[in-house]
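Just protein14.tsv here, TSV, C-alpha atoms:
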```tsv
chain	number	residue	atom	x	y	z
R	1	MET	CA	-36.65	-0.62	-48.26
R	2	GLU	CA	-37.45	-2.70	-45.17
R	3	ASN	CA	-36.13	-6.25	-45.00
R	4	ASP	CA	-38.51	-8.55	-43.11
R	5	GLU	CA	-35.63	-10.86	-42.19
R	6	THR	CA	-33.76	-8.19	-40.20
R	7	HIS	CA	-34.52	-6.44	-36.94
R	8	ASN	CA	-36.05	-2.98	-36.81
R	9	VAL	CA	-32.90	-1.70	-35.07
R	10	GLN	CA	-30.80	-2.91	-38.00
R	11	THR	CA	-33.19	-1.23	-40.42
R	12	ASN	CA	-32.83	2.05	-38.53
R	13	ILE	CA	-29.04	1.74	-38.49
R	14	LYS	CA	-29.08	1.32	-42.27
R	15	LEU	CA	-31.27	4.40	-42.57
R	16	VAL	CA	-28.86	6.48	-40.49
R	17	GLU	CA	-25.95	5.19	-42.57
R	18	LYS	CA	-27.70	6.45	-45.68
R	19	LEU	CA	-28.47	9.82	-44.13
R	20	LEU	CA	-24.92	10.34	-42.87
R	21	ASN	CA	-23.16	8.55	-45.72
R	22	LYS	CA	-21.23	6.65	-43.08
R	23	LYS	CA	-20.80	2.95	-42.37
R	24	PHE	CA	-21.17	1.74	-38.76
R	25	ASP	CA	-19.22	-1.33	-37.65
R	26	ASP	CA	-21.30	-2.07	-34.56
R	27	GLU	CA	-24.93	-2.85	-33.80
R	28	PRO	CA	-25.05	-1.79	-30.16
R	29	ALA	CA	-27.57	-2.81	-27.57
R	30	MET	CA	-30.19	-0.29	-26.51
R	31	GLU	CA	-29.62	1.44	-23.17
R	32	ILE	CA	-31.67	3.26	-20.56
R	33	ASN	CA	-29.80	4.99	-17.77
R	34	LEU	CA	-31.53	5.65	-14.46
R	35	ALA	CA	-31.01	8.90	-12.58
R	36	ASP	CA	-30.36	8.92	-8.82
R	37	ASP	CA	-33.89	10.11	-8.07
R	38	HIS	CA	-35.30	7.14	-10.01
R	39	LYS	CA	-33.10	4.75	-8.03
R	40	LYS	CA	-34.31	6.31	-4.78
R	41	PHE	CA	-37.90	6.03	-5.97
R	42	VAL	CA	-37.61	2.29	-6.60
R	43	ALA	CA	-35.80	1.72	-3.30
R	44	ASP	CA	-38.64	3.46	-1.47
R	45	PHE	CA	-41.23	1.48	-3.47
R	46	LEU	CA	-39.63	-1.86	-2.62
R	47	LYS	CA	-39.35	-0.97	1.06
R	48	LYS	CA	-42.95	0.25	1.24
R	49	ASN	CA	-44.22	-2.99	-0.34
R	50	ASN	CA	-41.90	-5.28	1.61
R	51	ILE	CA	-40.21	-6.57	-1.54
R	52	LYS	CA	-36.71	-7.82	-0.77
R	53	GLU	CA	-33.60	-7.60	-2.93
R	54	ASN	CA	-33.38	-11.40	-3.19
R	55	ASP	CA	-37.08	-11.97	-3.96
R	56	PHE	CA	-37.98	-13.70	-7.21
R	57	ILE	CA	-39.54	-10.67	-8.91
R	58	VAL	CA	-41.39	-11.30	-12.18
R	59	GLY	CA	-42.71	-8.44	-14.29
R	60	PHE	CA	-45.77	-8.79	-16.52
R	61	HIS	CA	-46.87	-6.49	-19.31
R	62	PRO	CA	-50.29	-7.76	-20.40
R	63	GLY	CA	-51.03	-4.83	-22.71
R	64	CYS	CA	-49.90	-3.55	-26.08
R	65	ALA	CA	-50.99	-0.94	-28.60
R	66	THR	CA	-54.66	-1.00	-29.59
R	67	LEU	CA	-54.51	0.96	-32.84
R	68	LYS	CA	-55.21	-0.92	-36.06
R	69	ASN	CA	-56.81	-3.81	-34.14
R	70	HIS	CA	-53.53	-4.65	-32.41
R	71	ILE	CA	-55.39	-5.48	-29.24
R	72	LYS	CA	-55.74	-8.92	-30.87
R	73	ARG	CA	-52.01	-9.43	-30.25
R	74	ARG	CA	-52.60	-9.60	-26.50
R	75	TRP	CA	-52.33	-12.86	-24.60
R	76	GLU	CA	-55.54	-13.25	-22.62
R	77	PRO	CA	-55.66	-11.66	-19.14
R	78	GLU	CA	-56.87	-14.96	-17.68
R	79	LYS	CA	-53.67	-16.64	-18.84
R	80	PHE	CA	-51.46	-13.95	-17.32
R	81	ALA	CA	-53.42	-14.45	-14.08
R	82	GLU	CA	-53.04	-18.23	-14.20
R	83	LEU	CA	-49.30	-17.89	-14.78
R	84	GLY	CA	-49.01	-15.38	-11.95
R	85	LYS	CA	-50.88	-17.62	-9.50
R	86	ARG	CA	-48.67	-20.56	-10.40
R	87	LEU	CA	-45.46	-18.53	-10.04
R	88	ILE	CA	-46.56	-17.38	-6.60
R	89	LYS	CA	-47.67	-20.83	-5.45
R	90	GLU	CA	-44.75	-22.87	-6.79
R	91	LYS	CA	-41.89	-20.34	-6.80
R	92	ASN	CA	-42.92	-17.85	-4.11
R	93	ALA	CA	-42.65	-15.12	-6.75
R	94	LYS	CA	-43.61	-11.47	-6.47
R	95	ILE	CA	-45.62	-10.39	-9.54
R	96	LEU	CA	-45.45	-6.79	-10.75
R	97	LEU	CA	-48.07	-5.72	-13.30
R	98	PHE	CA	-46.88	-2.95	-15.60
R	99	GLY	CA	-48.61	-0.82	-18.21
R	100	GLY	CA	-49.71	2.70	-19.01
R	101	PRO	CA	-52.68	4.59	-17.53
R	102	GLU	CA	-54.89	3.32	-20.34
R	103	GLU	CA	-54.14	-0.22	-19.11
R	104	ASP	CA	-55.03	0.36	-15.45
R	105	GLU	CA	-58.28	-1.59	-15.74
R	106	LEU	CA	-56.48	-4.48	-17.46
R	107	LYS	CA	-53.81	-4.61	-14.75
R	108	SER	CA	-56.37	-4.39	-11.97
R	109	SER	CA	-58.49	-7.19	-13.42
R	110	ILE	CA	-55.49	-9.52	-13.61
R	111	ASN	CA	-54.45	-8.56	-10.09
R	112	THR	CA	-57.96	-9.38	-8.87
R	113	MET	CA	-57.83	-12.78	-10.58
R	114	ILE	CA	-54.41	-13.56	-9.07
R	115	ASP	CA	-55.86	-12.61	-5.68
R	116	SER	CA	-52.60	-12.54	-3.72
R	117	GLU	CA	-50.75	-10.04	-1.56
R	118	LYS	CA	-47.69	-10.98	-3.63
R	119	SER	CA	-49.19	-9.40	-6.76
R	120	TYR	CA	-48.81	-5.65	-7.29
R	121	VAL	CA	-50.29	-3.20	-9.78
R	122	ILE	CA	-47.64	-0.66	-10.77
R	123	LYS	CA	-49.00	2.88	-11.07
R	124	THR	CA	-46.54	5.75	-11.25
R	125	GLU	CA	-46.70	9.41	-12.17
R	126	LYS	CA	-43.80	9.15	-14.59
R	127	LEU	CA	-42.73	6.49	-17.08
R	128	MET	CA	-39.14	6.50	-15.80
R	129	GLN	CA	-40.42	5.56	-12.34
R	130	SER	CA	-42.05	2.44	-13.78
R	131	ILE	CA	-38.90	1.71	-15.75
R	132	ALA	CA	-36.84	1.97	-12.58
R	133	ILE	CA	-39.07	-0.64	-10.94
R	134	MET	CA	-38.84	-2.84	-14.04
R	135	LYS	CA	-35.06	-2.89	-13.65
R	136	ARG	CA	-35.48	-4.99	-10.49
R	137	CYS	CA	-37.32	-7.82	-12.27
R	138	ILE	CA	-35.55	-11.15	-12.61
R	139	VAL	CA	-37.71	-12.02	-15.63
R	140	PHE	CA	-40.11	-9.91	-17.69
R	141	VAL	CA	-43.06	-11.69	-19.35
R	142	THR	CA	-44.62	-9.54	-22.03
R	143	ASN	CA	-46.64	-9.26	-25.17
R	144	ASP	CA	-45.01	-7.76	-28.25
R	145	SER	CA	-45.11	-4.20	-26.93
R	146	ALA	CA	-43.16	-1.03	-26.23
R	147	LEU	CA	-42.35	-2.28	-22.73
R	148	MET	CA	-40.84	-5.40	-24.27
R	149	HIS	CA	-38.29	-3.12	-25.91
R	150	VAL	CA	-37.84	-1.14	-22.68
R	151	ALA	CA	-37.07	-4.44	-20.94
R	152	SER	CA	-34.51	-5.16	-23.64
R	153	ALA	CA	-32.87	-1.78	-23.11
R	154	LEU	CA	-32.68	-2.53	-19.38
R	155	GLY	CA	-30.90	-5.80	-20.12
R	156	LEU	CA	-33.63	-7.93	-18.53
R	157	LYS	CA	-34.29	-11.56	-19.26
R	158	VAL	CA	-37.39	-11.39	-21.44
R	159	ILE	CA	-40.12	-13.90	-22.22
R	160	ALA	CA	-41.79	-12.47	-25.33
R	161	ILE	CA	-45.25	-13.79	-26.25
R	162	ILE	CA	-45.58	-13.27	-30.00
R	163	GLY	CA	-48.47	-14.25	-32.24
R	164	PRO	CA	-49.09	-12.64	-35.64
R	165	THR	CA	-46.12	-10.25	-35.82
R	166	ASN	CA	-42.73	-10.86	-37.40
R	167	GLN	CA	-40.28	-12.24	-34.82
R	168	HIS	CA	-37.25	-11.33	-36.93
R	169	TYR	CA	-38.26	-7.68	-37.02
R	170	ILE	CA	-39.36	-7.06	-33.43
R	171	HIS	CA	-37.76	-9.60	-31.07
R	172	PRO	CA	-36.08	-8.33	-27.87
R	173	TRP	CA	-32.85	-6.72	-29.03
R	174	LYS	CA	-29.50	-7.87	-27.64
R	175	THR	CA	-30.73	-9.14	-24.30
R	176	GLU	CA	-31.28	-12.68	-23.07
R	177	HIS	CA	-34.72	-13.65	-24.26
R	178	LYS	CA	-37.01	-16.46	-25.27
R	179	ILE	CA	-39.88	-16.17	-27.70
R	180	VAL	CA	-43.07	-18.07	-26.96
R	181	SER	CA	-44.96	-18.76	-30.17
R	182	LEU	CA	-47.01	-21.52	-31.76
R	183	ASN	CA	-45.06	-20.87	-34.98
R	184	LEU	CA	-48.09	-21.59	-37.14
R	185	ASP	CA	-47.72	-21.94	-40.89
R	186	CYS	CA	-49.77	-18.77	-41.36
R	187	ALA	CA	-47.50	-16.68	-39.12
R	188	PRO	CA	-46.26	-14.09	-39.27
R	189	CYS	CA	-49.20	-12.47	-41.02
R	190	PHE	CA	-48.55	-8.87	-39.96
R	191	PHE	CA	-45.58	-6.94	-41.31
R	192	TYR	CA	-46.40	-3.44	-40.03
R	193	SER	CA	-48.51	-2.42	-42.99
R	194	PRO	CA	-50.89	0.55	-42.70
R	195	LYS	CA	-53.81	-1.91	-42.78
R	196	PRO	CA	-55.40	-3.09	-39.52
R	197	LEU	CA	-54.45	-6.48	-38.13
R	198	SER	CA	-56.75	-9.23	-39.35
R	199	CYS	CA	-56.85	-13.01	-39.37
R	200	SER	CA	-57.63	-15.13	-42.42
R	201	ARG	CA	-58.11	-18.41	-40.55
R	202	THR	CA	-61.50	-20.08	-40.76
R	203	ASP	CA	-61.03	-22.47	-37.81
R	204	VAL	CA	-59.93	-20.23	-34.91
R	205	GLN	CA	-59.50	-16.50	-35.34
R	206	PHE	CA	-56.07	-15.39	-34.08
R	207	LYS	CA	-55.25	-18.98	-33.21
R	208	CYS	CA	-51.61	-17.97	-32.71
R	209	ILE	CA	-52.61	-16.25	-29.46
R	210	LYS	CA	-55.89	-17.95	-28.55
R	211	GLU	CA	-54.35	-21.43	-28.39
R	212	LEU	CA	-51.03	-20.42	-26.82
R	213	GLY	CA	-51.32	-21.97	-23.38
R	214	VAL	CA	-49.85	-21.15	-19.98
R	215	GLU	CA	-47.87	-24.39	-19.90
R	216	LEU	CA	-45.94	-23.34	-23.00
R	217	VAL	CA	-44.92	-20.06	-21.36
R	218	TRP	CA	-44.06	-21.81	-18.10
R	219	ASN	CA	-41.86	-24.31	-19.92
R	220	LYS	CA	-39.99	-21.48	-21.62
R	221	ILE	CA	-39.11	-20.06	-18.22
R	222	PHE	CA	-38.39	-23.31	-16.40
R	223	GLN	CA	-36.78	-26.65	-17.11
R	224	LYS	CA	-37.11	-29.58	-14.72
R	225	GLY	CA	-38.42	-27.25	-12.07
R	226	GLU	CA	-35.45	-24.87	-12.18
R	227	MET	CA	-35.12	-21.57	-13.94
R	228	GLN	CA	-32.67	-22.03	-16.80
R	229	TRP	CA	-31.21	-18.54	-16.42
R	230	ILE	CA	-30.60	-18.75	-12.70
R	231	GLY	CA	-27.50	-20.52	-11.44
```

Rewrite the structure of this file - the entire thing - as structure tokens.
Amino acid sequence: MENDETHNVQTNIKLVEKLLNKKFDDEPAMEINLADDHKKFVADFLKKNNIKENDFIVGFHPGCATLKNHIKRRWEPEKFAELGKRLIKEKNAKILLFGGPEEDELKSSINTMIDSEKSYVIKTEKLMQSIAIMKRCIVFVTNDSALMHVASALGLKVIAIIGPTNQHYIHPWKTEHKIVSLNLDCAPCFFYSPKPLSCSRTDVQFKCIKELGVELVWNKIFQKGEMQWIG
């Protein structure tokens, strides 16, 4: 039986223990290993786009699953764009917009709103090529999504924007991370049931995302003008 106070990884470890009748002492981090051709691909990509090794590279994943009304978990594109513009203006950042083919329009719309040569839409033929580019990000700002967990497996510093879902169950696993949430009394309201995501509030529907502002995300990344994770 699932325990809503534990992480999904821990739940899966318990399941494997039951199946194998064996107790595991460790709860390891997730890992993704890049092949040499993936490393060459990202090196060529960075060179082609004039992105330097010491640039402040920030990855965004503005999408997430859409099944069962989960599109309501997404932070608004306009807010990703506002954050990107501010990162470029104040920190000279390079913004990389990630997501699957079904999110191309979403990525392009945010890129258009950012309106800067320092913002890039990432389109690759293979997922591992995108993952290889992700590896170069200093920070990865993301909704609760599959790429959030990919970022965790890459050992990236993750800013996870989480609204209605259970932070205990899905937070970035064993990587440096910060969760941005309004922590409303009604949250979490979604525990991965087969029912579609819905909101019972009568004031603001999905307030947990709708009223989560850019300043809150910015403050999670920075403190007194300096990035907390960077020495």

* Would you work out the distance separating atom CA of Ile114 of chain R from atom CA of Lys85 of chain R, expressed in Å to one decimal? =>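 Atom-to-atom, atom CA of Ile114 of chain R to atom CA of Lys85 of chain R, that is 5.4 Å.
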
* To do: Tell me, as number ranges by chain, which residues lie within 10 Å of Val180 of chain R, counting only C-alpha atoms; anything in the same chain fewer than 3 positions away does not count.
  => R: 141-143, 159-163, 177, 183, 212-213, 216-221

* Using only C-alpha atoms, find the one residue out of R:Lys210, R:Arg136, R:Lys195, R:Lys126 that sits nearest to Asp37 of chain R. => R:Lys126

Kindly compute an axis-aligned box around the listed atoms of segment 203-214 of chain R, allowing 5 Å on each side, and express its centre and edge lengths in Å to one decimal as AutoDock Vina command-line options.
```
--center_x -55.4 --center_y -18.9 --center_z -28.9 --size_x 21.2 --size_y 17.1 --size_z 27.8
```

* Asked: For Ile57 of chain R, which residue out of R:Phe206, R:Phe140, R:Trp75, R:Phe45 is the nearest one, using all atoms listed in the file?
  ->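 That would be R:Phe140, the residue with the smallest distance to Ile57 of chain R.
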
* Test item: residues at most 9 Å from segment 152-156 of chain R, all atoms listed in the file, excluding those fewer than 5 positions along its chain, as number ranges by chain -> R: 29-33, 131, 134-140, 147, 172-177

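Note that the spacing between atom CA of Lys48 of chain R and atom CA of Lys79 of chain R amounts to 28.3 Å.
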